[in-house]
>>> print(open('model.cif').read())   # mmCIF, C-alpha atoms (C1' of nucleotides)
data_final
loop_
_atom_site.label_atom_id
_atom_site.label_comp_id
_atom_site.auth_asym_id
_atom_site.auth_seq_id
_atom_site.Cartn_x
_atom_site.Cartn_y
_atom_site.Cartn_z
CA MET A 202 24.19 -16.81 -25.68
CA HIS A 203 20.93 -15.03 -24.99
CA ASP A 204 22.26 -12.35 -22.75
CA GLN A 205 19.32 -10.18 -23.77
CA VAL A 206 16.11 -11.54 -22.36
CA PRO A 207 12.49 -10.38 -22.45
CA ILE A 208 10.63 -9.41 -19.31
CA GLY A 209 9.02 -12.78 -18.70
CA GLU A 210 12.39 -14.48 -18.66
CA ALA A 211 13.77 -11.75 -16.43
CA ALA A 212 10.88 -12.37 -14.05
CA ARG A 213 11.58 -16.09 -14.07
CA VAL A 214 15.26 -15.82 -13.33
CA SER A 215 14.96 -13.02 -10.81
CA GLY A 216 11.85 -14.17 -9.03
CA VAL A 217 10.30 -10.72 -9.37
CA LYS A 218 6.89 -10.62 -10.98
CA VAL A 219 6.47 -8.99 -14.35
CA PRO A 220 4.26 -6.10 -13.19
CA THR A 221 6.64 -5.50 -10.32
CA ILE A 222 9.59 -5.22 -12.67
CA ARG A 223 7.70 -2.62 -14.67
CA TYR A 224 6.82 -0.90 -11.44
CA TYR A 225 10.48 -0.75 -10.42
CA GLU A 226 11.26 0.81 -13.72
CA GLU A 227 8.49 3.33 -13.27
CA ILE A 228 9.74 4.48 -9.88
CA GLY A 229 13.28 4.63 -11.16
CA LEU A 230 14.75 1.73 -9.21
CA LEU A 231 15.55 -0.16 -12.36
CA PRO A 232 16.91 1.75 -15.36
CA LYS A 233 14.85 1.67 -18.52
CA PRO A 234 16.07 -1.17 -20.67
CA PRO A 235 16.43 -0.93 -24.44
CA ARG A 236 13.49 -2.09 -26.51
CA THR A 237 13.17 -4.26 -29.56
CA GLY A 238 11.68 -2.93 -32.76
CA GLY A 239 8.39 -4.29 -31.50
CA ASN A 240 8.66 -2.23 -28.33
CA ARG A 241 9.52 -5.10 -26.00
CA ARG A 242 11.92 -4.63 -23.13
CA LEU A 243 15.21 -6.44 -23.42
CA TYR A 244 17.22 -7.06 -20.30
CA GLY A 245 20.94 -7.76 -20.27
CA PRO A 246 23.06 -9.25 -17.51
CA GLU A 247 23.54 -5.87 -15.87
CA HIS A 248 19.80 -5.37 -15.51
CA LEU A 249 19.36 -8.86 -14.19
CA ARG A 250 22.04 -8.29 -11.59
CA ARG A 251 20.35 -5.12 -10.51
CA LEU A 252 17.01 -6.81 -10.30
CA ALA A 253 18.48 -9.56 -8.14
CA PHE A 254 20.03 -6.89 -5.97
CA ILE A 255 16.71 -5.14 -5.51
CA ARG A 256 14.89 -8.32 -4.75
CA HIS A 257 17.42 -9.46 -2.23
CA ALA A 258 17.47 -6.09 -0.54
CA ARG A 259 13.66 -6.09 -0.35
CA GLU A 260 13.77 -9.52 1.21
CA LEU A 261 16.16 -8.18 3.79
CA GLY A 262 13.59 -5.54 4.55
CA PHE A 263 15.31 -2.53 3.06
CA GLU A 264 12.90 0.06 1.85
CA PRO A 265 12.98 1.34 -1.72
CA GLU A 266 14.56 4.58 -0.56
CA ALA A 267 17.40 2.71 1.14
CA ILE A 268 17.79 0.55 -1.93
CA ARG A 269 18.06 3.61 -4.09
CA THR A 270 20.89 4.80 -1.91
CA LEU A 271 22.62 1.44 -2.01
CA LEU A 272 22.28 1.31 -5.78
CA SER A 273 23.68 4.77 -6.21
CA LEU A 274 26.63 3.74 -4.08
CA GLN A 275 27.11 0.73 -6.23
CA ASP A 276 27.29 2.98 -9.22
CA GLU A 277 30.21 4.90 -7.80
CA PRO A 278 32.65 2.29 -6.59
CA GLY A 279 35.33 4.78 -5.64
CA GLN A 280 33.31 6.30 -2.85
CA SER A 281 33.42 5.42 0.79
CA CYS A 282 31.09 2.67 1.79
CA ALA A 283 30.27 4.31 5.10
CA PRO A 284 26.69 5.15 4.08
CA ALA A 285 26.07 1.59 3.02
CA ASP A 286 27.52 0.40 6.25
CA SER A 287 25.31 2.64 8.31
CA ILE A 288 22.19 1.65 6.39
CA ALA A 289 22.98 -1.98 7.09
CA ARG A 290 23.73 -1.29 10.74
CA LEU A 291 20.46 0.52 11.15
CA ARG A 292 18.61 -2.35 9.62
CA LEU A 293 20.47 -4.79 11.87
CA ALA A 294 19.43 -2.83 14.94
CA GLU A 295 15.81 -2.94 13.79
CA VAL A 296 15.98 -6.65 13.26
CA GLU A 297 17.53 -7.23 16.65
CA ASP A 298 14.88 -5.20 18.38
CA ARG A 299 12.19 -7.14 16.63
CA ILE A 300 13.72 -10.40 17.68
CA ARG A 301 13.86 -9.30 21.31
CA ARG A 302 10.22 -8.40 21.34
CA LEU A 303 9.16 -11.52 19.57
CA GLU A 304 11.07 -13.56 22.12
CA SER A 305 9.12 -11.93 24.88
CA LEU A 306 5.85 -12.59 23.11
CA LYS A 307 6.90 -16.15 22.48
CA ALA A 308 7.68 -16.69 26.15
CA GLU A 309 4.25 -15.40 27.04
CA LEU A 310 2.47 -17.60 24.54
CA ARG A 311 4.42 -20.59 25.74
CA ARG A 312 3.49 -19.81 29.31
CA MET A 313 -0.16 -19.66 28.39
CA ILE A 314 -0.07 -22.91 26.53
CA ASP A 315 1.83 -24.65 29.29
CA GLY A 316 -0.59 -23.31 31.86
CA CYS A 317 -3.38 -24.77 29.87
CA GLY A 318 -4.72 -28.20 30.60
CA HIS A 319 -6.19 -27.21 33.90
CA GLY A 320 -9.48 -26.69 32.18
CA SER A 321 -9.31 -22.99 31.55
CA VAL A 322 -6.99 -20.55 29.96
CA ALA A 323 -4.18 -19.36 32.12
CA GLU A 324 -4.22 -15.75 33.08
CA CYS A 325 -3.27 -13.99 29.91
CA ARG A 326 -0.48 -11.50 29.84
CA VAL A 327 -0.03 -11.33 26.14
CA ILE A 328 -0.75 -7.66 26.28
CA GLU A 329 1.76 -6.91 28.98
CA SER A 330 4.39 -8.87 27.19
CA LEU A 331 4.13 -6.46 24.33
CA THR A 332 3.15 -3.28 26.05
CA ALA A 333 6.11 -3.42 28.41
CA PRO A 334 8.70 -4.64 25.96
CA ALA A 335 12.42 -5.02 26.29
CA GLY A 336 13.11 -2.29 23.78
CA THR A 337 13.25 1.41 24.41
CA GLY A 338 9.73 2.40 25.17
CA GLY A 339 10.39 5.43 23.06
CA GLU A 340 9.16 6.04 19.64
CA GLY A 341 10.87 6.68 16.43
CA SER A 342 10.32 7.80 12.90
CA MET B 1472 -8.53 11.64 37.75
CA HIS B 1473 -8.88 11.57 34.03
CA ASP B 1474 -8.94 7.90 33.41
CA GLN B 1475 -11.24 8.79 30.55
CA VAL B 1476 -9.34 10.62 27.88
CA PRO B 1477 -10.28 12.05 24.50
CA ILE B 1478 -8.79 10.73 21.31
CA GLY B 1479 -6.01 13.28 21.06
CA GLU B 1480 -4.70 12.31 24.48
CA ALA B 1481 -5.04 8.64 23.63
CA ALA B 1482 -2.96 9.27 20.54
CA ARG B 1483 -0.31 11.05 22.57
CA VAL B 1484 0.08 8.36 25.19
CA SER B 1485 -0.16 5.39 22.82
CA GLY B 1486 1.91 6.76 20.01
CA VAL B 1487 -0.83 5.88 17.54
CA LYS B 1488 -2.07 8.73 15.39
CA VAL B 1489 -5.62 9.99 15.76
CA PRO B 1490 -6.84 8.90 12.31
CA THR B 1491 -5.23 5.53 12.85
CA ILE B 1492 -7.09 5.05 16.10
CA ARG B 1493 -10.34 5.77 14.32
CA TYR B 1494 -9.28 3.38 11.59
CA TYR B 1495 -8.65 0.61 14.13
CA GLU B 1496 -12.09 1.19 15.50
CA GLU B 1497 -13.54 1.04 12.02
CA ILE B 1498 -11.98 -2.31 11.24
CA GLY B 1499 -12.98 -3.64 14.63
CA LEU B 1500 -9.56 -3.96 16.22
CA LEU B 1501 -10.37 -1.48 18.90
CA PRO B 1502 -13.79 -1.64 20.50
CA LYS B 1503 -15.99 1.38 20.08
CA PRO B 1504 -15.48 3.61 23.08
CA PRO B 1505 -18.31 5.42 24.81
CA ARG B 1506 -19.01 8.96 23.65
CA THR B 1507 -19.65 12.17 25.49
CA GLY B 1508 -22.88 14.07 25.02
CA GLY B 1509 -21.07 16.01 22.35
CA ASN B 1510 -20.27 12.80 20.45
CA ARG B 1511 -16.59 12.66 21.39
CA ARG B 1512 -14.84 9.37 22.01
CA LEU B 1513 -13.68 8.72 25.56
CA TYR B 1514 -10.99 6.17 26.18
CA GLY B 1515 -10.31 4.45 29.48
CA PRO B 1516 -7.15 2.63 30.62
CA GLU B 1517 -8.33 -0.59 29.05
CA HIS B 1518 -8.61 0.99 25.65
CA LEU B 1519 -5.22 2.57 26.03
CA ARG B 1520 -3.60 -0.72 26.90
CA ARG B 1521 -5.18 -2.33 23.89
CA LEU B 1522 -4.04 0.46 21.67
CA ALA B 1523 -0.45 0.13 22.83
CA PHE B 1524 -0.68 -3.59 22.29
CA ILE B 1525 -1.96 -3.18 18.77
CA ARG B 1526 0.80 -0.76 17.99
CA HIS B 1527 3.51 -3.11 19.18
CA ALA B 1528 1.97 -6.06 17.46
CA ARG B 1529 1.80 -4.11 14.20
CA GLU B 1530 5.43 -3.15 14.60
CA LEU B 1531 6.22 -6.81 14.94
CA GLY B 1532 4.50 -7.42 11.65
CA PHE B 1533 1.30 -9.10 12.78
CA GLU B 1534 -1.64 -8.54 10.56
CA PRO B 1535 -4.86 -7.18 11.98
CA GLU B 1536 -6.45 -10.61 11.78
CA ALA B 1537 -3.68 -12.18 13.88
CA ILE B 1538 -3.90 -9.33 16.33
CA ARG B 1539 -7.60 -9.91 16.65
CA THR B 1540 -7.04 -13.50 17.69
CA LEU B 1541 -4.24 -12.51 20.01
CA LEU B 1542 -6.55 -10.04 21.67
CA SER B 1543 -9.24 -12.65 21.96
CA LEU B 1544 -6.94 -14.63 24.24
CA GLN B 1545 -6.99 -11.73 26.60
CA ASP B 1546 -10.71 -11.22 26.34
CA GLU B 1547 -11.79 -14.64 27.39
CA PRO B 1548 -9.88 -15.69 30.44
CA GLY B 1549 -11.33 -18.62 32.28
CA GLN B 1550 -13.04 -19.82 29.14
CA SER B 1551 -12.72 -23.26 27.80
CA CYS B 1552 -9.17 -24.03 27.05
CA ALA B 1553 -9.40 -25.62 23.67
CA PRO B 1554 -10.06 -22.71 21.34
CA ALA B 1555 -7.72 -20.35 23.12
CA ASP B 1556 -5.09 -23.01 23.25
CA SER B 1557 -5.20 -23.62 19.55
CA ILE B 1558 -5.05 -19.92 18.81
CA ALA B 1559 -2.10 -19.53 21.12
CA ARG B 1560 -0.34 -22.47 19.50
CA LEU B 1561 -0.95 -21.07 16.08
CA ARG B 1562 0.45 -17.72 17.08
CA LEU B 1563 3.37 -19.37 18.80
CA ALA B 1564 4.27 -21.22 15.64
CA GLU B 1565 4.01 -18.01 13.72
CA VAL B 1566 6.19 -16.17 16.20
CA GLU B 1567 8.79 -18.91 16.13
CA ASP B 1568 8.86 -18.88 12.38
CA ARG B 1569 9.22 -15.14 12.38
CA ILE B 1570 12.09 -15.35 14.82
CA ARG B 1571 13.83 -17.95 12.71
CA ARG B 1572 13.61 -15.81 9.63
CA LEU B 1573 14.80 -12.76 11.46
CA GLU B 1574 17.73 -14.66 12.92
CA SER B 1575 18.93 -15.69 9.50
CA LEU B 1576 18.41 -12.19 8.27
CA LYS B 1577 20.38 -10.89 11.19
CA ALA B 1578 23.23 -13.30 10.49
CA GLU B 1579 23.36 -12.13 6.92
CA LEU B 1580 23.36 -8.50 7.88
CA ARG B 1581 26.09 -9.14 10.41
CA ARG B 1582 28.20 -10.90 7.81
CA MET B 1583 27.75 -7.99 5.49
CA ILE B 1584 28.72 -5.47 8.08
CA ASP B 1585 31.62 -7.44 9.49
CA GLY B 1586 32.97 -8.04 6.03
CA CYS B 1587 32.91 -4.36 5.28
CA GLY B 1588 36.43 -3.00 5.46
CA HIS B 1589 35.17 0.57 5.72
CA GLY B 1590 37.05 1.41 2.63
CA SER B 1591 35.55 2.18 -0.71
CA VAL B 1592 32.41 0.80 -2.21
CA ALA B 1593 34.51 -1.31 -4.53
CA GLU B 1594 35.42 -3.64 -1.70
CA CYS B 1595 32.25 -3.19 0.25
CA ARG B 1596 30.83 -6.43 1.43
CA VAL B 1597 27.45 -4.89 2.07
CA ILE B 1598 26.94 -4.01 -1.55
CA GLU B 1599 28.59 -7.10 -2.82
CA SER B 1600 26.48 -9.48 -0.81
CA LEU B 1601 23.40 -7.87 -2.19
CA THR B 1602 24.69 -8.10 -5.72
CA ALA B 1603 25.70 -11.75 -5.54
CA PRO B 1604 23.44 -13.35 -3.00
CA ALA B 1605 24.08 -16.84 -1.77
CA GLY B 1606 23.83 -19.49 -4.45
CA THR B 1607 23.53 -17.49 -7.62
CA GLY B 1608 24.90 -19.80 -10.24
CA GLY B 1609 28.50 -20.64 -9.57
CA GLU B 1610 30.40 -18.08 -11.52
CA GLY B 1611 34.10 -17.96 -11.87
CA SER B 1612 35.68 -15.43 -14.17
"C1'" DC C 649 0.94 -16.87 -46.35
"C1'" DC C 650 -2.50 -17.60 -42.78
"C1'" DT C 651 -3.76 -19.09 -38.28
"C1'" DA C 652 -3.30 -20.14 -33.42
"C1'" DC C 653 -1.00 -19.36 -29.42
"C1'" DT C 654 1.95 -17.10 -26.36
"C1'" DT C 655 4.20 -13.13 -24.64
"C1'" DC C 656 4.40 -8.66 -24.44
"C1'" DC C 657 2.63 -3.76 -24.44
"C1'" DT C 658 0.01 0.30 -21.94
"C1'" DC C 659 -3.47 1.93 -19.05
"C1'" DC C 660 -6.03 1.81 -15.14
"C1'" DA C 661 -8.43 0.13 -11.06
"C1'" DG C 662 -7.98 -2.28 -6.66
"C1'" DT C 663 -5.53 -3.83 -2.25
"C1'" DG C 664 -4.15 -3.12 2.74
"C1'" DG C 665 -2.97 -0.16 6.16
"C1'" DC C 666 -2.90 3.77 7.02
"C1'" DT C 667 -2.59 9.42 6.48
"C1'" DG C 668 -4.27 13.87 5.92
"C1'" DG C 669 -7.39 17.60 4.47
"C1'" DA C 670 -12.16 19.90 4.17
"C1'" DG C 671 -15.92 21.54 6.42
"C1'" DG C 672 -18.35 21.78 10.47
"C1'" DA C 673 -19.69 21.09 15.58
"C1'" DG C 674 -18.41 21.03 20.74
"C1'" DC C 675 -16.38 23.12 24.53
"C1'" DA C 676 -13.35 25.91 27.86
"C1'" DA C 677 -11.45 30.49 28.85
"C1'" DG C 678 -11.64 35.35 28.78
"C1'" DC D 1041 -20.08 36.20 22.78
"C1'" DT D 1042 -15.83 35.42 20.65
"C1'" DT D 1043 -11.53 33.09 20.12
"C1'" DG D 1044 -9.14 28.99 19.63
"C1'" DC D 1045 -8.60 24.45 20.22
"C1'" DT D 1046 -10.06 19.64 19.79
"C1'" DC D 1047 -13.08 16.77 17.94
"C1'" DC D 1048 -16.51 14.91 14.43
"C1'" DT D 1049 -17.46 12.59 9.58
"C1'" DC D 1050 -16.44 11.95 4.92
"C1'" DC D 1051 -13.38 11.23 1.43
"C1'" DA D 1052 -9.19 11.42 -1.40
"C1'" DG D 1053 -4.35 10.11 -1.52
"C1'" DC D 1054 -0.09 7.35 -0.49
"C1'" DC D 1055 2.99 3.24 -1.02
"C1'" DA D 1056 4.36 -0.95 -2.95
"C1'" DC D 1057 2.48 -3.69 -5.39
"C1'" DT D 1058 -1.07 -6.79 -8.07
"C1'" DG D 1059 -4.05 -7.93 -11.64
"C1'" DG D 1060 -7.20 -7.38 -15.52
"C1'" DA D 1061 -8.68 -5.38 -20.18
"C1'" DG D 1062 -7.71 -4.68 -24.74
"C1'" DG D 1063 -4.50 -4.91 -28.20
"C1'" DA D 1064 0.08 -5.58 -30.74
"C1'" DA D 1065 4.21 -8.47 -31.64
"C1'" DG D 1066 6.60 -12.62 -32.05
"C1'" DT D 1067 6.68 -17.92 -33.06
"C1'" DA D 1068 5.24 -22.59 -34.70
"C1'" DG D 1069 2.65 -25.33 -37.64
"C1'" DG D 1070 -0.12 -26.23 -41.76
#
>>> encode(input="model.cif", output="C-alpha cells")
Amino acid sequence: MHDQVPIGEAARVSGVKVPTIRYYEEIGLLPKPPRTGGNRRLYGPEHLRRLAFIRHARELGFEPEAIRTLLSLQDEPGQSCAPADSIARLRLAEVEDRIRRLESLKAELRRMIDGCGHGSVAECRVIESLTAPAGTGGEGS
Amino acid sequence: MHDQVPIGEAARVSGVKVPTIRYYEEIGLLPKPPRTGGNRRLYGPEHLRRLAFIRHARELGFEPEAIRTLLSLQDEPGQSCAPADSIARLRLAEVEDRIRRLESLKAELRRMIDGCGHGSVAECRVIESLTAPAGTGGEGS
DNA sequence: CCTACTTCCTCCAGTGGCTGGAGGAGCAAG
DNA sequence: CTTGCTCCTCCAGCCACTGGAGGAAGTAGG
C-alpha cells in the first residue's frame, strides 16, 4: 500500500493544512520527513500519527509547548506519565474555570433577554457578571 | 479620593498591561479617557470596570468585535429593545455553543486523566487518547 | 517526446492580538 | 535644579498560522 504519502495527502487525511504542516516541521513539532529525489516530502504512518496527535492536542487547547512535552513523553514510553497527567489536569482546570464563567455570563444574558419585552432593555449587568466571576479573582501566568 | 487614576494604576488594578490598554483604546474597545494638562490618560471607575470586563471576556475567548457588542448592551439601557435583544440572543447562542464544546472537551480530558494509571507512559491513557482519537479508522492488529 | 495540468517546493509578507523597546516629556520630592 | 519615576508616541517583534508568487517535479494524454 501507499504508506508513504505526499504532503497534500497528509493534509487531507490529517485535516491539517499544508502550510501548517510545513510550519510544524519548521518549529520542530513534526520531525523532518524523508524526501523524494524531486525534493518532495514523503510521510509514513508514523508521521501521520504524530500529525493527528498534534492536531487533536491543538483542538483540546494544548499549546505547542505542552504538545512538545507530550510528544517527548510519547517518545520515551518507559518513563512515568506523571508530567502528562499534570499537563492534562492543568488543562482540565482551565476548561472548568472557563465553563463556570461562561455559565455566569449565560445566566446574565438570559436574564436580559427574559426581561425584555417590556419595551426597553432590562438593566444590564453583563459587566458585573464577568467582573465579579465565580473563579479566583486572582491572576495567573 | 483618586477615582481618576493614571494608566499604570489602571493596569495594576485591572490586570491588563499598559501597552494593552493603549491598544484597546486604539482599536476602540475602550473609550478614549480624558487627559491631564500634561497629556496623560486619566481613568475613572467606569473605565476600570470596562477594562476588567474586557479582560475577562478575552479570557473567555470572545473576539474584540463580540466584546464590542456585549459592551453596547451596557451602554444603551432603556433603549429600544429590539437591537439589544438580538445582540443578546446572538451572544447567548455563542456562549451556549462555547459551553457545549468545552463540556465535551472536559469529558475527554477527564476520561484521559481517569484512565491514566499513573504508571509509565506506555500505558498512559493521556498520551494514547491523543494518539488514537475517537473514530480513527477501526484498526485491529 | 511534448504538452497541459496538478502538486509540490521555497521564500516572504500579512494577520490578529498583543508586547516591549527607544527616545523624549511631565511631574513630585529633596 | 536635579534625580527618578511614570507617562507619551512610534515602531518593530512575537506567535501560530495563512496565503501568494514564482518555479520545479510528477502524471496523463496525444
>>> closest_atom_pairs(input="model.cif", of="chain B", to="chain A", cutoff="8 Å", atoms="only C-alpha atoms", output="tab-separated table")
residue	atom	partner	partner_atom	distance
B:Gly1486	CA	A:Glu340	CA	7.3
B:Arg1520	CA	A:Thr332	CA	7.3
B:Arg1521	CA	A:Ile328	CA	7.3
B:Ala1523	CA	A:Thr332	CA	5.9
B:Phe1524	CA	A:Thr332	CA	5.4
B:His1527	CA	A:Leu331	CA	6.2
B:Ala1528	CA	A:Leu331	CA	7.2
B:Leu1531	CA	A:Arg299	CA	6.2
B:Leu1541	CA	A:Val327	CA	7.5
B:Leu1542	CA	A:Ile328	CA	7.8
B:Leu1544	CA	A:Cys325	CA	6.8
B:Gln1545	CA	A:Cys325	CA	5.5
B:Pro1548	CA	A:Val322	CA	5.7
B:Gly1549	CA	A:Ser321	CA	4.9
B:Gln1550	CA	A:Ser321	CA	5.5
B:Ser1551	CA	A:Ser321	CA	5.1
B:Cys1552	CA	A:Ser321	CA	4.6
B:Ala1555	CA	A:Val322	CA	6.9
B:Asp1556	CA	A:Ile314	CA	6.0
B:Ala1559	CA	A:Leu310	CA	6.0
B:Arg1560	CA	A:Ile314	CA	7.0
B:Arg1562	CA	A:Leu310	CA	7.7
B:Leu1563	CA	A:Lys307	CA	6.0
B:Val1566	CA	A:Lys307	CA	6.3
B:Glu1567	CA	A:Lys307	CA	7.2
B:Ile1570	CA	A:Ile300	CA	5.9
B:Leu1573	CA	A:Val296	CA	6.5
B:Glu1574	CA	A:Ile300	CA	7.5
B:Leu1576	CA	A:Leu261	CA	6.4
B:Lys1577	CA	A:Leu293	CA	6.1
B:Leu1580	CA	A:Leu293	CA	6.2
B:Arg1581	CA	A:Leu293	CA	7.3
B:Met1583	CA	A:Ala289	CA	7.8
B:Ile1584	CA	A:Asp286	CA	6.3
B:Cys1587	CA	A:Asp286	CA	7.3
B:His1589	CA	A:Cys282	CA	6.0
B:Gly1590	CA	A:Ser281	CA	5.7
B:Ser1591	CA	A:Ser281	CA	4.2
B:Val1592	CA	A:Cys282	CA	4.6
B:Ala1593	CA	A:Pro278	CA	4.5
B:Cys1595	CA	A:Cys282	CA	6.2
B:Val1597	CA	A:Ala285	CA	6.7
B:Ile1598	CA	A:Gln275	CA	6.7
B:Leu1601	CA	A:Phe254	CA	5.2
B:Thr1602	CA	A:Phe254	CA	4.8
B:Ala1603	CA	A:Phe254	CA	7.5
B:Pro1604	CA	A:His257	CA	7.2
>>> write_last_selection(input="model.cif", atoms="C-alpha atoms", output="PDB file, in the coordinates of the input")
ATOM      1  CA  GLY B1486       1.910   6.760  20.010  1.00  0.00           C
ATOM      2  CA  ARG B1520      -3.600  -0.720  26.900  1.00  0.00           C
ATOM      3  CA  ARG B1521      -5.180  -2.330  23.890  1.00  0.00           C
ATOM      4  CA  ALA B1523      -0.450   0.130  22.830  1.00  0.00           C
ATOM      5  CA  PHE B1524      -0.680  -3.590  22.290  1.00  0.00           C
ATOM      6  CA  HIS B1527       3.510  -3.110  19.180  1.00  0.00           C
ATOM      7  CA  ALA B1528       1.970  -6.060  17.460  1.00  0.00           C
ATOM      8  CA  LEU B1531       6.220  -6.810  14.940  1.00  0.00           C
ATOM      9  CA  LEU B1541      -4.240 -12.510  20.010  1.00  0.00           C
ATOM     10  CA  LEU B1542      -6.550 -10.040  21.670  1.00  0.00           C
ATOM     11  CA  LEU B1544      -6.940 -14.630  24.240  1.00  0.00           C
ATOM     12  CA  GLN B1545      -6.990 -11.730  26.600  1.00  0.00           C
ATOM     13  CA  PRO B1548      -9.880 -15.690  30.440  1.00  0.00           C
ATOM     14  CA  GLY B1549     -11.330 -18.620  32.280  1.00  0.00           C
ATOM     15  CA  GLN B1550     -13.040 -19.820  29.140  1.00  0.00           C
ATOM     16  CA  SER B1551     -12.720 -23.260  27.800  1.00  0.00           C
ATOM     17  CA  CYS B1552      -9.170 -24.030  27.050  1.00  0.00           C
ATOM     18  CA  ALA B1555      -7.720 -20.350  23.120  1.00  0.00           C
ATOM     19  CA  ASP B1556      -5.090 -23.010  23.250  1.00  0.00           C
ATOM     20  CA  ALA B1559      -2.100 -19.530  21.120  1.00  0.00           C
ATOM     21  CA  ARG B1560      -0.340 -22.470  19.500  1.00  0.00           C
ATOM     22  CA  ARG B1562       0.450 -17.720  17.080  1.00  0.00           C
ATOM     23  CA  LEU B1563       3.370 -19.370  18.800  1.00  0.00           C
ATOM     24  CA  VAL B1566       6.190 -16.170  16.200  1.00  0.00           C
ATOM     25  CA  GLU B1567       8.790 -18.910  16.130  1.00  0.00           C
ATOM     26  CA  ILE B1570      12.090 -15.350  14.820  1.00  0.00           C
ATOM     27  CA  LEU B1573      14.800 -12.760  11.460  1.00  0.00           C
ATOM     28  CA  GLU B1574      17.730 -14.660  12.920  1.00  0.00           C
ATOM     29  CA  LEU B1576      18.410 -12.190   8.270  1.00  0.00           C
ATOM     30  CA  LYS B1577      20.380 -10.890  11.190  1.00  0.00           C
ATOM     31  CA  LEU B1580      23.360  -8.500   7.880  1.00  0.00           C
ATOM     32  CA  ARG B1581      26.090  -9.140  10.410  1.00  0.00           C
ATOM     33  CA  MET B1583      27.750  -7.990   5.490  1.00  0.00           C
ATOM     34  CA  ILE B1584      28.720  -5.470   8.080  1.00  0.00           C
ATOM     35  CA  CYS B1587      32.910  -4.360   5.280  1.00  0.00           C
ATOM     36  CA  HIS B1589      35.170   0.570   5.720  1.00  0.00           C
ATOM     37  CA  GLY B1590      37.050   1.410   2.630  1.00  0.00           C
ATOM     38  CA  SER B1591      35.550   2.180  -0.710  1.00  0.00           C
ATOM     39  CA  VAL B1592      32.410   0.800  -2.210  1.00  0.00           C
ATOM     40  CA  ALA B1593      34.510  -1.310  -4.530  1.00  0.00           C
ATOM     41  CA  CYS B1595      32.250  -3.190   0.250  1.00  0.00           C
ATOM     42  CA  VAL B1597      27.450  -4.890   2.070  1.00  0.00           C
ATOM     43  CA  ILE B1598      26.940  -4.010  -1.550  1.00  0.00           C
ATOM     44  CA  LEU B1601      23.400  -7.870  -2.190  1.00  0.00           C
ATOM     45  CA  THR B1602      24.690  -8.100  -5.720  1.00  0.00           C
ATOM     46  CA  ALA B1603      25.700 -11.750  -5.540  1.00  0.00           C
ATOM     47  CA  PRO B1604      23.440 -13.350  -3.000  1.00  0.00           C
TER      48      PRO B1604
END
>>> calpha_fit_rmsd(input="model.cif", fixed="chain B", moving="chain A")
6.8 Å
>>> resolve_selection(input="model.cif", expression="the PyMOL selection byres ((chain D) within 12 of (chain B))", output="PyMOL selection string")
chain D and resi 1045-1049
>>> residues_near_point(input="model.cif", point="(-7.7, -7.5, -21.4)", cutoff="12 Å", atoms="only C-alpha atoms (C1' of nucleotides)", output="number ranges by chain")
C: 657-660; D: 1059-1063
>>> atom_distance(input="model.cif", atom1="CA of Ile228 (chain A)", atom2="C1' of DG1053 (chain D)")
17.3 Å
>>> interface_residues(input="model.cif", of="chain B", to="chain C", cutoff="10 Å", atoms="all atoms listed in the file", output="list in words")
Lys1488, Val1489, Pro1490, Thr1491, Tyr1494, Tyr1495, Gly1508, Gly1509, Asn1510, Arg1511, Glu1534 and Pro1535 of chain B
>>> atom_distance(input="model.cif", atom1="CA of Val1487 (chain B)", atom2="CA of Ile268 (chain A)")
27.5 Å
>>> atom_distance(input="model.cif", atom1="C1' of DA1065 (chain D)", atom2="CA of Pro246 (chain A)")
23.6 Å
>>> closest_residue(input="model.cif", among="B:Ser1575, B:Thr1540, B:Gly1499, B:Arg1483", to="Leu1561 (chain B)", atoms="only C-alpha atoms")
B:Thr1540
>>> build_atoms(input="model.cif", residues="region 1492-1502 of chain B", atoms="N, CA and C atoms", output="mmCIF file, in the coordinates of the input")
data_model
loop_
_atom_site.group_PDB
_atom_site.id
_atom_site.type_symbol
_atom_site.label_atom_id
_atom_site.label_comp_id
_atom_site.auth_asym_id
_atom_site.auth_seq_id
_atom_site.Cartn_x
_atom_site.Cartn_y
_atom_site.Cartn_z
ATOM 1 N N ILE B 1492 -6.234 5.562 15.041
ATOM 2 C CA ILE B 1492 -7.090 5.050 16.100
ATOM 3 C C ILE B 1492 -8.512 4.863 15.576
ATOM 4 N N ARG B 1493 -8.988 5.871 14.867
ATOM 5 C CA ARG B 1493 -10.340 5.770 14.320
ATOM 6 C C ARG B 1493 -10.415 4.633 13.313
ATOM 7 N N TYR B 1494 -9.336 4.480 12.557
ATOM 8 C CA TYR B 1494 -9.280 3.380 11.590
ATOM 9 C C TYR B 1494 -9.339 2.024 12.298
ATOM 10 N N TYR B 1495 -8.625 1.866 13.379
ATOM 11 C CA TYR B 1495 -8.650 0.610 14.130
ATOM 12 C C TYR B 1495 -10.048 0.324 14.652
ATOM 13 N N GLU B 1496 -10.716 1.366 15.038
ATOM 14 C CA GLU B 1496 -12.090 1.190 15.500
ATOM 15 C C GLU B 1496 -12.963 0.720 14.330
ATOM 16 N N GLU B 1497 -12.751 1.352 13.206
ATOM 17 C CA GLU B 1497 -13.540 1.040 12.020
ATOM 18 C C GLU B 1497 -13.408 -0.418 11.601
ATOM 19 N N ILE B 1498 -12.172 -0.933 11.664
ATOM 20 C CA ILE B 1498 -11.980 -2.310 11.240
ATOM 21 C C ILE B 1498 -12.171 -3.289 12.396
ATOM 22 N N GLY B 1499 -12.609 -2.764 13.526
ATOM 23 C CA GLY B 1499 -12.980 -3.640 14.630
ATOM 24 C C GLY B 1499 -11.831 -4.180 15.465
ATOM 25 N N LEU B 1500 -10.681 -3.548 15.372
ATOM 26 C CA LEU B 1500 -9.560 -3.960 16.220
ATOM 27 C C LEU B 1500 -9.705 -3.379 17.606
ATOM 28 N N LEU B 1501 -10.172 -2.175 17.640
ATOM 29 C CA LEU B 1501 -10.370 -1.480 18.900
ATOM 30 C C LEU B 1501 -11.870 -1.332 19.114
ATOM 31 N N PRO B 1502 -12.352 -1.750 20.278
ATOM 32 C CA PRO B 1502 -13.790 -1.640 20.500
ATOM 33 C C PRO B 1502 -14.235 -0.182 20.492
#
